[in-house]
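So this one's final_21.cif, mmCIF, C-alpha atoms:
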data_target
loop_
_atom_site.label_atom_id
_atom_site.label_comp_id
_atom_site.auth_asym_id
_atom_site.auth_seq_id
_atom_site.Cartn_x
_atom_site.Cartn_y
_atom_site.Cartn_z
CA MET A 1 4.71 -22.61 29.43
CA LYS A 2 5.00 -23.98 25.88
CA PHE A 3 1.32 -24.90 25.97
CA ILE A 4 0.32 -21.32 26.81
CA VAL A 5 2.50 -19.93 24.02
CA LEU A 6 1.07 -22.44 21.50
CA LEU A 7 -2.45 -21.61 22.64
CA TRP A 8 -2.05 -17.83 22.22
CA LEU A 9 0.20 -17.84 19.13
CA PRO A 10 -2.64 -18.28 16.56
CA LEU A 11 -4.69 -15.57 18.25
CA TRP A 12 -1.75 -13.20 18.24
CA VAL A 13 -0.83 -13.89 14.59
CA PHE A 14 -4.35 -13.87 13.12
CA GLY A 15 -5.83 -11.39 15.58
CA SER A 16 -3.60 -8.60 14.32
CA GLU A 17 -5.46 -8.38 11.00
CA SER A 18 -8.30 -5.91 10.68
CA PHE A 19 -11.89 -7.06 10.33
CA ILE A 20 -12.30 -4.95 7.18
CA SER A 21 -9.71 -3.61 4.76
CA ASP A 22 -8.74 0.06 4.59
CA TYR A 23 -10.47 0.21 1.19
CA GLU A 24 -13.71 -1.16 2.66
CA TYR A 25 -13.49 1.23 5.61
CA GLY A 26 -12.96 4.20 3.27
CA GLU A 27 -15.88 3.03 1.12
CA MET A 28 -18.11 2.71 4.18
CA LEU A 29 -17.20 6.23 5.32
CA TYR A 30 -17.73 7.67 1.81
CA ASP A 31 -21.09 5.94 1.42
CA ASN A 32 -22.49 6.94 4.80
CA PRO A 33 -20.19 8.68 7.31
CA ARG A 34 -22.83 10.21 9.59
CA GLY A 35 -26.23 9.56 8.00
CA VAL A 36 -25.74 11.41 4.70
CA GLY A 37 -23.19 9.92 2.33
CA CYS A 38 -20.53 11.88 0.47
CA LYS A 39 -21.51 10.13 -2.77
CA GLN A 40 -24.98 11.65 -2.71
CA CYS A 41 -23.45 15.01 -3.63
CA HIS A 42 -19.94 14.15 -4.84
CA GLY A 43 -20.93 11.14 -6.99
CA ASN A 44 -19.82 7.51 -6.95
CA GLU A 45 -16.21 8.32 -7.79
CA GLY A 46 -15.96 11.86 -6.36
CA GLU A 47 -16.73 13.46 -9.73
CA GLY A 48 -19.36 15.79 -8.29
CA LYS A 49 -23.00 15.86 -9.28
CA MET A 50 -26.03 18.09 -9.37
CA ILE A 51 -27.97 18.10 -6.12
CA VAL A 52 -30.92 20.32 -7.02
CA LYS A 53 -32.16 22.93 -9.50
CA TYR A 54 -34.54 25.65 -8.38
CA SER A 55 -35.97 28.98 -9.49
CA ASP A 56 -36.59 32.17 -7.59
CA LYS A 57 -37.06 35.87 -8.41
CA LYS A 58 -33.43 36.11 -9.55
CA GLY A 59 -33.68 33.19 -12.00
CA GLU A 60 -32.69 29.56 -12.12
CA HIS A 61 -30.02 28.16 -9.83
CA THR A 62 -28.21 24.85 -9.46
CA ILE A 63 -26.58 23.46 -6.35
CA SER A 64 -23.92 20.88 -7.11
CA GLY A 65 -21.40 18.86 -5.14
CA ALA A 66 -17.79 19.62 -6.06
CA ASP A 67 -15.50 17.29 -8.00
CA ILE A 68 -13.12 16.08 -5.27
CA ARG A 69 -11.06 13.59 -7.28
CA LYS A 70 -8.05 15.91 -7.67
CA LYS A 71 -8.10 17.41 -4.19
CA SER A 72 -5.08 16.79 -2.00
CA LEU A 73 -5.46 15.13 1.38
CA LYS A 74 -4.72 18.47 3.05
CA GLU A 75 -7.44 20.20 1.00
CA MET A 76 -9.95 17.48 1.88
CA ILE A 77 -9.18 17.67 5.61
CA ILE A 78 -9.56 21.47 5.58
CA SER A 79 -12.78 21.31 3.56
CA VAL A 80 -14.43 18.63 5.71
CA ASN A 81 -13.64 20.55 8.88
CA LYS A 82 -14.95 23.97 7.85
CA ARG A 83 -18.48 25.23 7.55
CA HIS A 84 -20.18 25.25 4.15
CA LYS A 85 -23.50 26.71 3.02
CA VAL A 86 -24.76 23.33 1.80
CA MET A 87 -22.47 20.53 3.03
CA PRO A 88 -23.22 19.27 6.53
CA ARG A 89 -20.50 19.00 9.17
CA TYR A 90 -19.51 15.38 9.66
CA TYR A 91 -16.94 15.79 12.43
CA LEU A 92 -14.68 13.21 10.81
CA THR A 93 -11.23 12.64 12.23
CA ASN A 94 -8.23 13.34 10.02
CA ASP A 95 -7.68 9.57 9.81
CA GLU A 96 -11.26 9.05 8.59
CA VAL A 97 -10.79 11.73 5.92
CA LYS A 98 -7.53 10.01 4.94
CA GLN A 99 -9.40 6.70 4.56
CA ILE A 100 -11.95 8.38 2.26
CA PHE A 101 -9.13 10.08 0.33
CA ASN A 102 -7.28 6.78 -0.17
CA TYR A 103 -10.51 4.97 -1.12
CA LEU A 104 -11.22 7.52 -3.87
CA ARG A 105 -7.63 7.30 -5.16
CA VAL A 106 -7.81 3.50 -5.44
CA LYS A 107 -11.32 3.53 -6.91
CA ASN A 108 -10.42 6.09 -9.58
CA ARG A 109 -7.16 4.29 -10.39
CA LYS A 110 -9.17 1.13 -11.14
CA LYS A 111 -11.33 3.07 -13.63
CA LYS A 112 -8.38 4.09 -15.84
#

Take the structure I supplied and represent it as structure tokens, if you would.
Amino acid sequence: MKFIVLLWLPLWVFGSESFISDYEYGEMLYDNPRGVGCKQCHGNEGEGKMIVKYSDKKGEHTISGADIRKKSLKEMIISVNKRHKVMPRYYLTNDEVKQIFNYLRVKNRKKK
């Protein structure tokens, strides 16, 4: 019996750690959650950025991604799960949105 416990003990102790950190998981989701990354429109740190400028009969227009750095987790979850004119639906779970939220908080804290 002791042999079996000694054999499984290292697997149990070291197997409980995740393959990637929460920060890395949040970064992966932010960079490319479902084919189009958040950072393409919201910028590297969530600061928002211009997506496109165009002109039509009514004049010049700009489409930009919003600055999401000061959004609460609740606001982000609601925003990701509703329809937008420009932003695609990602069908992220609340936990995945939380990982992105936490990733942006840590990343922006490092910049200060």

(request) Return the single residue from A:Gly35, A:Gly26, A:Asn81, A:Met87 that is closest to Ile51 of chain A, with distances computed using only C-alpha atoms. (result) A:Met87

(message) Using Å and a single decimal, report how far atom CA of Ser64 of chain A sits from atom CA of Lys49 of chain A.
(response) 5.5 Å

(request) Quick one: residues within 10 Å of (-15.8, 19.4, 2.7) (file frame), counting all atoms listed in the file, please, as a PyMOL selection string. (result) chain A and resi 38+65-66+68+75-84+86-90+97

(message) Report as a ChimeraX atom specification all protein, DNA and RNA residues lying within 12 Å of Lys70 of chain A, evaluated on only C-alpha atoms, omitting residues in the same chain fewer than 4 positions from it.
(response) /A:45-48,66,74-76,101-102,104-105,108-109

Let me see the file: selected residues, C-alpha atoms, as a CSV table (one decimal), in the coordinates of the input.
chain,number,residue,atom,x,y,z
A,45,GLU,CA,-16.2,8.3,-7.8
A,46,GLY,CA,-16.0,11.9,-6.4
A,47,GLU,CA,-16.7,13.5,-9.7
A,48,GLY,CA,-19.4,15.8,-8.3
A,66,ALA,CA,-17.8,19.6,-6.1
A,74,LYS,CA,-4.7,18.5,3.0
A,75,GLU,CA,-7.4,20.2,1.0
A,76,MET,CA,-10.0,17.5,1.9
A,101,PHE,CA,-9.1,10.1,0.3
A,102,ASN,CA,-7.3,6.8,-0.2
A,104,LEU,CA,-11.2,7.5,-3.9
A,105,ARG,CA,-7.6,7.3,-5.2
A,108,ASN,CA,-10.4,6.1,-9.6
A,109,ARG,CA,-7.2,4.3,-10.4

(request) List, as number ranges by chain, every residue that the PyMOL selection byres ((chain A and resi 22) around 12) selects in the file provided. (result) A: 17-21, 23-29, 95-104, 106
